[in-house]
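Visitor: I'm passing along query17.tsv; it holds TSV, C-alpha atoms.
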```
chain	number	residue	atom	x	y	z
A	13	MET	CA	-53.61	-30.28	-4.47
A	14	ASP	CA	-56.36	-30.25	-7.11
A	15	LYS	CA	-57.79	-27.19	-8.88
A	16	LYS	CA	-60.50	-26.82	-6.28
A	17	GLY	CA	-57.94	-26.85	-3.49
A	18	LYS	CA	-55.89	-24.20	-5.31
A	19	GLN	CA	-58.92	-22.03	-5.87
A	20	TYR	CA	-60.28	-22.03	-2.34
A	21	GLY	CA	-57.14	-22.78	-0.30
A	22	HIS	CA	-57.30	-24.79	2.93
A	23	GLY	CA	-60.44	-22.96	4.08
A	24	GLY	CA	-62.16	-23.86	0.82
A	25	VAL	CA	-61.26	-27.53	1.21
A	26	ILE	CA	-62.80	-27.53	4.69
A	27	LEU	CA	-65.97	-25.89	3.39
A	28	GLU	CA	-66.23	-28.41	0.57
A	29	THR	CA	-65.75	-31.26	3.07
A	30	LEU	CA	-68.55	-29.89	5.24
A	31	LYS	CA	-70.83	-29.72	2.20
A	32	LEU	CA	-70.23	-33.43	1.56
A	33	MET	CA	-71.37	-34.29	5.07
A	34	ASN	CA	-75.00	-35.21	5.43
A	35	SER	CA	-77.23	-34.48	8.40
A	36	LEU	CA	-76.60	-37.89	9.99
A	37	ASP	CA	-72.84	-37.27	10.00
A	38	ILE	CA	-73.40	-33.96	11.76
A	39	TYR	CA	-75.65	-35.64	14.33
A	40	MET	CA	-73.07	-38.37	14.91
A	41	ILE	CA	-70.17	-35.99	15.38
A	42	SER	CA	-72.19	-33.64	17.58
A	43	THR	CA	-73.41	-36.48	19.79
A	44	GLY	CA	-69.90	-37.90	20.07
A	45	ILE	CA	-68.48	-34.51	21.10
A	46	ILE	CA	-71.19	-33.98	23.71
A	47	ILE	CA	-70.88	-37.44	25.27
A	48	GLY	CA	-67.07	-37.30	25.17
A	49	THR	CA	-67.02	-33.89	26.85
A	50	ILE	CA	-69.47	-35.10	29.48
A	51	ALA	CA	-67.11	-38.01	30.14
A	52	ARG	CA	-64.35	-35.52	30.97
A	53	LEU	CA	-66.68	-33.50	33.19
A	54	VAL	CA	-67.69	-36.62	35.11
A	55	THR	CA	-64.09	-37.70	35.68
A	56	LEU	CA	-62.93	-34.17	36.56
A	57	LYS	CA	-63.28	-33.93	40.32
A	58	VAL	CA	-62.28	-30.89	42.32
A	59	ASP	CA	-62.41	-32.46	45.79
A	60	PHE	CA	-60.64	-31.72	49.07
A	61	ARG	CA	-57.32	-32.35	47.30
A	62	GLN	CA	-58.00	-29.35	44.99
A	63	VAL	CA	-56.48	-31.07	41.98
A	64	PRO	CA	-56.96	-29.61	39.44
A	65	SER	CA	-57.08	-26.13	40.93
A	66	TYR	CA	-60.20	-24.08	40.38
A	67	PRO	CA	-61.12	-22.31	38.14
A	68	THR	CA	-58.18	-21.95	35.72
A	69	ALA	CA	-56.89	-25.53	35.60
A	70	PHE	CA	-60.50	-26.73	35.82
A	71	PHE	CA	-61.37	-24.88	32.61
A	72	ASN	CA	-58.17	-26.01	30.88
A	73	ASN	CA	-58.98	-29.66	31.50
A	74	ILE	CA	-62.57	-29.25	30.29
A	75	PHE	CA	-61.32	-27.70	27.06
A	76	LEU	CA	-58.78	-30.50	26.55
A	77	GLY	CA	-61.59	-33.00	27.10
A	78	PHE	CA	-63.62	-31.21	24.42
A	79	VAL	CA	-60.67	-31.42	22.00
A	80	ALA	CA	-60.22	-35.13	22.75
A	81	ALA	CA	-63.93	-35.76	22.21
A	82	THR	CA	-63.84	-33.89	18.89
A	83	LEU	CA	-60.90	-35.93	17.62
A	84	GLY	CA	-62.59	-39.17	18.61
A	85	SER	CA	-65.86	-38.12	16.96
A	86	VAL	CA	-64.43	-37.29	13.55
A	87	ALA	CA	-62.20	-40.38	13.29
A	88	ILE	CA	-64.90	-42.82	12.10
A	89	PRO	CA	-66.51	-40.48	9.51
A	90	ALA	CA	-63.04	-39.59	8.20
A	91	LEU	CA	-62.12	-43.26	7.78
A	92	LEU	CA	-65.37	-44.07	5.97
A	93	ALA	CA	-64.85	-41.07	3.70
A	94	GLY	CA	-61.40	-42.40	2.79
A	95	ASP	CA	-59.62	-39.46	4.43
A	96	PHE	CA	-56.89	-41.46	6.13
A	97	VAL	CA	-54.73	-38.37	6.58
A	98	ALA	CA	-57.29	-36.92	9.00
A	99	VAL	CA	-56.97	-39.94	11.26
A	100	THR	CA	-53.28	-39.17	11.77
A	101	PHE	CA	-54.43	-36.30	13.96
A	102	LEU	CA	-55.10	-38.95	16.61
A	103	THR	CA	-51.36	-39.45	16.91
A	104	VAL	CA	-50.97	-35.71	17.33
A	105	ALA	CA	-53.56	-35.85	20.10
A	106	VAL	CA	-51.64	-38.59	21.91
A	107	GLN	CA	-48.50	-36.45	21.83
A	108	GLN	CA	-50.46	-33.43	23.05
A	109	PHE	CA	-51.87	-35.37	25.99
A	110	ARG	CA	-48.38	-36.57	26.87
A	111	ASP	CA	-47.26	-32.95	26.87
A	112	VAL	CA	-50.10	-32.21	29.30
A	113	ARG	CA	-48.69	-34.85	31.63
A	114	VAL	CA	-45.20	-33.37	31.41
A	115	ALA	CA	-46.47	-29.83	31.96
A	116	GLU	CA	-48.53	-30.87	34.99
A	117	ARG	CA	-45.58	-32.72	36.50
A	118	GLU	CA	-43.32	-29.69	36.04
A	119	SER	CA	-45.91	-27.29	37.42
A	120	LEU	CA	-46.56	-29.28	40.58
A	121	GLY	CA	-42.83	-29.89	41.04
A	122	LYS	CA	-42.06	-26.17	40.94
A	123	LEU	CA	-44.70	-25.49	43.60
A	124	GLU	CA	-43.40	-28.10	46.04
A	125	HIS	CA	-41.54	-25.54	48.15
A	126	THR	CA	-44.72	-23.48	48.64
A	127	GLU	CA	-46.69	-26.29	50.33
A	128	TYR	CA	-46.88	-27.14	54.04
A	129	THR	CA	-45.06	-30.34	53.18
A	130	GLN	CA	-44.01	-31.89	49.89
A	131	ARG	CA	-46.22	-34.22	47.87
A	132	GLY	CA	-43.23	-36.20	46.72
A	133	GLU	CA	-42.24	-37.19	43.18
A	134	ALA	CA	-44.29	-40.40	43.24
A	135	TYR	CA	-47.53	-38.55	44.04
A	136	ILE	CA	-46.86	-35.85	41.44
A	137	ASP	CA	-46.20	-38.49	38.79
A	138	GLY	CA	-49.48	-40.23	39.66
A	139	ILE	CA	-51.48	-36.98	39.38
A	140	ALA	CA	-49.90	-36.14	36.02
A	141	LYS	CA	-50.63	-39.61	34.60
A	142	THR	CA	-54.24	-39.36	35.79
A	143	PHE	CA	-54.71	-36.08	33.94
A	144	GLU	CA	-53.42	-37.68	30.75
A	145	SER	CA	-55.57	-40.81	31.02
A	146	ARG	CA	-58.77	-38.84	31.56
A	147	ASN	CA	-58.38	-37.26	28.11
A	148	TYR	CA	-58.09	-40.73	26.59
A	149	ILE	CA	-61.38	-41.63	28.28
A	150	SER	CA	-63.05	-38.70	26.49
A	151	LEU	CA	-61.54	-39.73	23.16
A	152	ILE	CA	-62.51	-43.40	23.41
A	153	THR	CA	-66.00	-42.55	24.71
A	154	SER	CA	-66.74	-40.30	21.74
A	155	LEU	CA	-65.23	-42.87	19.37
A	156	ALA	CA	-67.54	-45.60	20.73
A	157	THR	CA	-70.55	-43.30	20.52
A	158	VAL	CA	-69.99	-42.49	16.84
A	159	LEU	CA	-69.15	-46.12	16.02
A	160	VAL	CA	-72.50	-47.36	17.35
A	161	MET	CA	-74.39	-44.58	15.56
A	162	GLU	CA	-72.62	-45.46	12.33
A	163	ALA	CA	-73.62	-49.11	12.77
A	164	LEU	CA	-77.24	-47.93	13.15
A	165	ARG	CA	-77.10	-45.53	10.22
A	166	ASN	CA	-80.29	-46.91	8.67
A	167	ALA	CA	-82.23	-46.73	11.93
A	168	ASN	CA	-84.36	-43.85	13.18
A	169	ILE	CA	-82.18	-40.83	14.07
A	170	VAL	CA	-83.57	-40.62	17.62
A	171	VAL	CA	-82.91	-44.33	18.20
A	172	SER	CA	-79.42	-43.93	16.76
A	173	ILE	CA	-78.61	-41.02	19.07
A	174	LEU	CA	-79.96	-42.81	22.14
A	175	CYS	CA	-78.07	-46.01	21.38
A	176	GLY	CA	-74.87	-44.09	20.70
A	177	ALA	CA	-75.19	-42.13	23.94
A	178	VAL	CA	-75.84	-45.30	25.96
A	179	ALA	CA	-72.85	-47.04	24.36
A	180	GLY	CA	-70.62	-44.07	25.12
A	181	ILE	CA	-71.72	-43.94	28.74
A	182	VAL	CA	-71.18	-47.69	29.19
A	183	VAL	CA	-67.67	-47.45	27.70
A	184	MET	CA	-66.91	-44.44	29.91
A	185	VAL	CA	-67.98	-46.28	33.07
A	186	LEU	CA	-66.03	-49.42	32.17
A	187	ILE	CA	-62.82	-47.55	31.39
A	188	TYR	CA	-63.13	-45.35	34.47
A	189	ARG	CA	-63.61	-48.36	36.72
A	190	PHE	CA	-60.67	-50.10	35.08
A	191	THR	CA	-58.33	-47.11	35.52
A	192	LYS	CA	-59.49	-46.12	38.99
A	193	GLY	CA	-57.13	-47.32	41.68
A	194	LYS	CA	-57.69	-48.04	45.36
A	195	THR	CA	-57.42	-45.62	48.25
A	196	VAL	CA	-55.70	-45.90	51.62
A	197	GLY	CA	-59.05	-46.41	53.36
A	198	GLU	CA	-59.62	-49.62	51.37
A	199	ILE	CA	-56.47	-51.34	52.61
A	200	CYS	CA	-55.94	-49.74	56.02
A	201	GLU	CA	-57.75	-48.79	59.19
A	202	VAL	CA	-57.44	-45.10	60.08
A	203	ASN	CA	-58.10	-43.90	63.64
A	204	LEU	CA	-57.25	-41.00	65.90
A	205	GLY	CA	-54.33	-41.66	68.25
A	206	GLN	CA	-53.97	-40.75	71.90
A	207	ILE	CA	-51.19	-38.18	72.41
A	208	GLU	CA	-48.90	-38.59	75.41
A	209	VAL	CA	-45.82	-36.56	76.37
A	210	ARG	CA	-43.11	-38.07	78.56
A	211	GLY	CA	-40.48	-35.48	79.29
A	212	SER	CA	-39.27	-34.35	75.85
A	213	GLU	CA	-40.63	-37.46	74.11
A	214	LEU	CA	-43.89	-37.76	72.18
A	215	TYR	CA	-45.88	-40.99	72.19
A	216	VAL	CA	-49.06	-41.87	70.29
A	217	ASP	CA	-51.06	-44.85	71.57
A	218	GLY	CA	-47.98	-45.84	73.53
A	219	MET	CA	-45.75	-45.85	70.43
A	220	TYR	CA	-42.67	-43.66	70.36
A	221	VAL	CA	-42.72	-40.81	67.82
A	222	THR	CA	-39.98	-38.27	68.61
A	223	ASN	CA	-37.86	-36.70	71.34
A	224	TYR	CA	-37.90	-33.21	69.83
A	225	LEU	CA	-40.30	-31.73	72.40
A	226	GLY	CA	-37.58	-30.11	74.46
A	227	THR	CA	-39.47	-26.96	75.46
A	228	ASP	CA	-42.47	-26.42	77.69
A	229	ARG	CA	-44.20	-24.55	74.87
A	230	SER	CA	-43.93	-27.46	72.42
A	231	ARG	CA	-45.22	-29.93	75.00
A	232	GLU	CA	-48.18	-27.69	75.87
A	233	LEU	CA	-49.05	-27.22	72.19
A	234	PHE	CA	-49.14	-30.95	71.49
A	235	LEU	CA	-51.18	-31.73	74.60
A	236	SER	CA	-53.73	-28.96	74.01
A	237	LYS	CA	-53.91	-28.56	70.21
A	238	GLY	CA	-52.01	-31.49	68.66
A	239	ILE	CA	-53.62	-34.18	66.54
A	240	ALA	CA	-52.38	-37.70	65.86
A	241	VAL	CA	-53.59	-40.39	63.47
A	242	VAL	CA	-52.67	-44.07	63.48
A	243	ILE	CA	-52.88	-45.99	60.18
A	244	THR	CA	-53.00	-49.78	60.52
A	245	PRO	CA	-52.57	-52.00	57.42
A	246	ASP	CA	-55.18	-54.73	56.98
A	247	ASP	CA	-52.71	-57.46	56.01
A	248	PRO	CA	-49.03	-58.04	55.11
A	249	LYS	CA	-49.59	-57.03	51.46
A	250	SER	CA	-51.15	-53.77	52.58
A	251	ARG	CA	-48.21	-53.20	54.87
A	252	VAL	CA	-45.79	-53.51	51.95
A	253	THR	CA	-47.75	-50.81	50.12
A	254	LEU	CA	-48.02	-48.57	53.16
A	255	GLU	CA	-44.32	-48.71	53.94
A	256	ASN	CA	-43.39	-47.32	50.54
A	257	TYR	CA	-41.84	-43.90	51.21
A	258	GLY	CA	-43.67	-42.18	48.35
A	259	GLN	CA	-46.99	-43.52	49.64
A	260	ARG	CA	-46.32	-42.30	53.18
A	261	GLN	CA	-45.29	-38.89	51.87
A	262	ALA	CA	-48.56	-38.62	49.92
A	263	ILE	CA	-50.57	-39.51	53.05
A	264	LEU	CA	-48.72	-36.92	55.13
A	265	PHE	CA	-49.30	-34.28	52.45
A	266	GLU	CA	-53.06	-34.85	52.32
A	267	ALA	CA	-53.39	-34.95	56.11
A	268	ILE	CA	-51.54	-31.67	56.58
A	269	ARG	CA	-52.98	-29.88	53.57
A	270	ILE	CA	-56.57	-30.35	54.69
A	271	LEU	CA	-56.03	-28.73	58.11
A	272	GLY	CA	-52.86	-26.71	57.66
A	273	VAL	CA	-49.94	-26.95	60.04
A	274	ARG	CA	-49.20	-24.40	62.72
A	275	ARG	CA	-46.01	-26.02	63.92
A	276	TYR	CA	-44.27	-29.38	63.94
A	277	LYS	CA	-45.11	-32.39	61.79
A	278	PHE	CA	-43.96	-35.95	62.38
A	279	LEU	CA	-44.30	-39.12	60.33
A	280	ARG	CA	-43.16	-42.31	61.98
A	281	LYS	CA	-43.34	-46.02	61.21
A	282	ASN	CA	-43.64	-48.76	63.81
A	283	PHE	CA	-41.24	-51.45	62.64
A	284	GLU	CA	-42.90	-54.23	64.64
A	285	THR	CA	-46.56	-53.70	63.71
A	286	GLY	CA	-46.24	-51.75	60.44
A	287	LYS	CA	-48.46	-48.97	61.78
A	288	ILE	CA	-47.90	-45.45	60.46
A	289	ILE	CA	-48.22	-42.51	62.85
A	290	ILE	CA	-48.86	-38.94	61.74
A	291	SER	CA	-48.79	-36.18	64.35
A	292	PHE	CA	-48.75	-32.40	63.99
A	293	ILE	CA	-50.25	-29.20	65.36
A	294	PRO	CA	-52.94	-28.09	62.88
A	295	ILE	CA	-54.23	-24.61	62.19
A	296	ASN	CA	-57.81	-25.89	62.19
A	297	TYR	CA	-58.52	-28.88	64.38
A	298	ASP	CA	-61.00	-31.21	62.68
A	299	ALA	CA	-60.49	-34.91	63.35
A	300	GLU	CA	-63.20	-36.03	60.94
A	301	LYS	CA	-61.69	-34.14	57.99
A	302	VAL	CA	-58.16	-35.41	58.51
A	303	ILE	CA	-59.33	-39.03	58.75
A	304	LYS	CA	-61.38	-38.61	55.58
A	305	ALA	CA	-58.44	-37.02	53.77
A	306	ILE	CA	-56.14	-39.92	54.68
A	307	LYS	CA	-58.71	-42.55	53.73
A	308	HIS	CA	-59.21	-40.94	50.30
A	309	THR	CA	-55.50	-40.66	49.53
A	310	PRO	CA	-54.94	-42.77	46.39
A	311	ILE	CA	-52.66	-45.77	46.34
A	312	LEU	CA	-49.75	-44.76	44.12
A	313	GLU	CA	-48.71	-46.89	41.17
A	314	ASN	CA	-45.14	-47.36	42.35
A	315	SER	CA	-46.33	-48.65	45.73
A	316	ARG	CA	-48.83	-51.21	44.40
A	317	LYS	CA	-47.93	-54.86	44.71
A	318	ILE	CA	-49.92	-57.19	42.47
A	319	ASP	CA	-49.88	-60.55	44.26
A	320	ARG	CA	-50.92	-62.57	41.20
A	321	ILE	CA	-48.01	-61.30	39.11
A	322	MET	CA	-45.60	-61.76	42.00
A	323	LYS	CA	-46.63	-65.42	42.27
A	324	ASN	CA	-46.56	-66.10	38.53
A	325	SER	CA	-43.09	-64.62	38.15
A	326	GLY	CA	-41.69	-67.55	40.14
A	327	GLY	CA	-37.90	-67.45	40.14
A	328	SER	CA	-37.59	-65.73	36.78
A	329	HIS	CA	-35.20	-62.80	36.61
A	330	ASN	CA	-35.46	-61.97	32.93
A	331	GLY	CA	-34.76	-58.32	32.23
```
Just give me the structure of the file as structure tokens.
Guide:
Amino acid sequence: MDKKGKQYGHGGVILETLKLMNSLDIYMISTGIIIGTIARLVTLKVDFRQVPSYPTAFFNNIFLGFVAATLGSVAIPALLAGDFVAVTFLTVAVQQFRDVRVAERESLGKLEHTEYTQRGEAYIDGIAKTFESRNYISLITSLATVLVMEALRNANIVVSILCGAVAGIVVMVLIYRFTKGKTVGEICEVNLGQIEVRGSELYVDGMYVTNYLGTDRSRELFLSKGIAVVITPDDPKSRVTLENYGQRQAILFEAIRILGVRRYKFLRKNFETGKIIISFIPINYDAEKVIKAIKHTPILENSRKIDRIMKNSGGSHNG
């Protein structure tokens, strides 16, 4: 450390660094932080799935988005100033975001026993990875914003800010569309099923579900207050995705969570047609909500089948 660093300490070095920054650098960094934070706000959706929970986890994710945007904003000015050590904080950020994924996975896993039915490990892993990737969107968005403003350093400050903001928004949209997966409603048809009880057996649209209705009370409940949904895959590839156990568990979780479950819950697969049947007795009967919840259930990564890669792989079995 030089004499100046010894005299002022770390705080003095920071103050001296700030003095070396001109007004354009401050505008660039501020704009990058704002656009990057907005990117996190846009991608942070508290919908019917209530992930993240509100307001605590909601605030935590906004703050992490702000941190990611700040790191992305200062990277370009630091590089141009020759402060390559400062850029190493990006690697620290990557590790921090990975820790967020691990923490979210552990948190949701510990709460599994408190839910009406379990999400399943595949769904939890998908949620945790999504939380991590959203922070990268904030970081890259702010980085693109500052990069464009730096390229237009000699232009009018207002023009520079506008161009930087537009560039950041475009990058945000492109990355979000690239990382956004499909939902069940895009590959399947979701409809209400007709409940029928034959003795102790439950049928939905003529398809056998279970023979656990051995009491008069259970039969009366299903006939008067039960709800059933039939999910039909659009094609054979969609059927492969739908028959993945983790995917079916995620669908059941969303269907039951939106209405609650008073008693009984059944998930059955028709081996001939590939249709999936969900039937249960909800606390609040609302057919429109349960269909919407199922349609908006995301397709999990471990259940996706990319046809192009499957074809190109041919007979190769390289590990």
Visitor: Go through region 235-325 of chain A and flag each residue having an atom no more than 12 Å from region 142-164 of chain A; for those, report the closest pair of atoms plus their distance in Å to one decimal, using all atoms listed in the file, ordered by chain and rising number, as a Markdown table.
Guide:
```
| residue | atom | partner | partner_atom | distance |
| --- | --- | --- | --- | --- |
| A:Pro310 | CA | A:Thr142 | CA | 11.2 |
| A:Leu312 | CA | A:Thr142 | CA | 10.9 |
| A:Glu313 | CA | A:Thr142 | CA | 10.8 |
```
Visitor: If you measure from CA of Asp137 (chain A) to CA of Gln108 (chain A), what distance in Å do you get, rounded to one decimal?
Guide: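 It comes out at 17.1 Å.
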Visitor: Using only C-alpha atoms, determine which residues lie at most 10 Å from Ile173 (chain A), disregarding the query and same-chain residues fewer than 4 positions distant; provide the list as a short mmCIF file (atom, residue, chain, number, x, y, z; two decimals) with C-alpha atoms, keeping the file's coordinate frame.
Guide:
```cif
data_model
loop_
_atom_site.label_atom_id
_atom_site.label_comp_id
_atom_site.auth_asym_id
_atom_site.auth_seq_id
_atom_site.Cartn_x
_atom_site.Cartn_y
_atom_site.Cartn_z
CA LEU A 36 -76.60 -37.89 9.99
CA TYR A 39 -75.65 -35.64 14.33
CA MET A 40 -73.07 -38.37 14.91
CA SER A 42 -72.19 -33.64 17.58
CA THR A 43 -73.41 -36.48 19.79
CA GLY A 44 -69.90 -37.90 20.07
CA THR A 157 -70.55 -43.30 20.52
CA VAL A 158 -69.99 -42.49 16.84
CA VAL A 160 -72.50 -47.36 17.35
CA MET A 161 -74.39 -44.58 15.56
CA LEU A 164 -77.24 -47.93 13.15
CA ALA A 167 -82.23 -46.73 11.93
CA ASN A 168 -84.36 -43.85 13.18
CA ILE A 169 -82.18 -40.83 14.07
CA ALA A 177 -75.19 -42.13 23.94
CA VAL A 178 -75.84 -45.30 25.96
CA ALA A 179 -72.85 -47.04 24.36
#
```
Visitor: For CA of Thr55 (chain A) and CA of Met184 (chain A), determine how far apart the two atoms are, in Å to one decimal place.
Guide: 9.3 Å
Visitor: Please, which residues are within 10 Å of (-43.7, -38.8, 74.9) by the file's coordinates, counting all atoms listed in the file, and could they come as a PyMOL selection string?
Guide: chain A and resi 207-216+218-225+231
Visitor: Around (-60.8, -30.3, 24.3), as given in the file, which residues come within 12 Å? Count only C-alpha atoms and list them as a ChimeraX atom specification.
Guide: /A:45-46,48-53,71-85,105,108-109,112,146-148,150-151,154
Visitor: Quick one: residues within 12 Å of region 249-251 of chain A, all atoms listed in the file, excluding same-chain residues fewer than 5 positions away - as an MDAnalysis selection string?
Guide: chainID A and resid 194:201 243:244 256:257 259:260 281:288 311 315:320 322
Visitor: Kindly give the distance, in Å, that separates CA of Ile289 (chain A) and CA of Ala240 (chain A), rounded to a single decimal.
Guide: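 Interatomic distance here is 7.0 Å.
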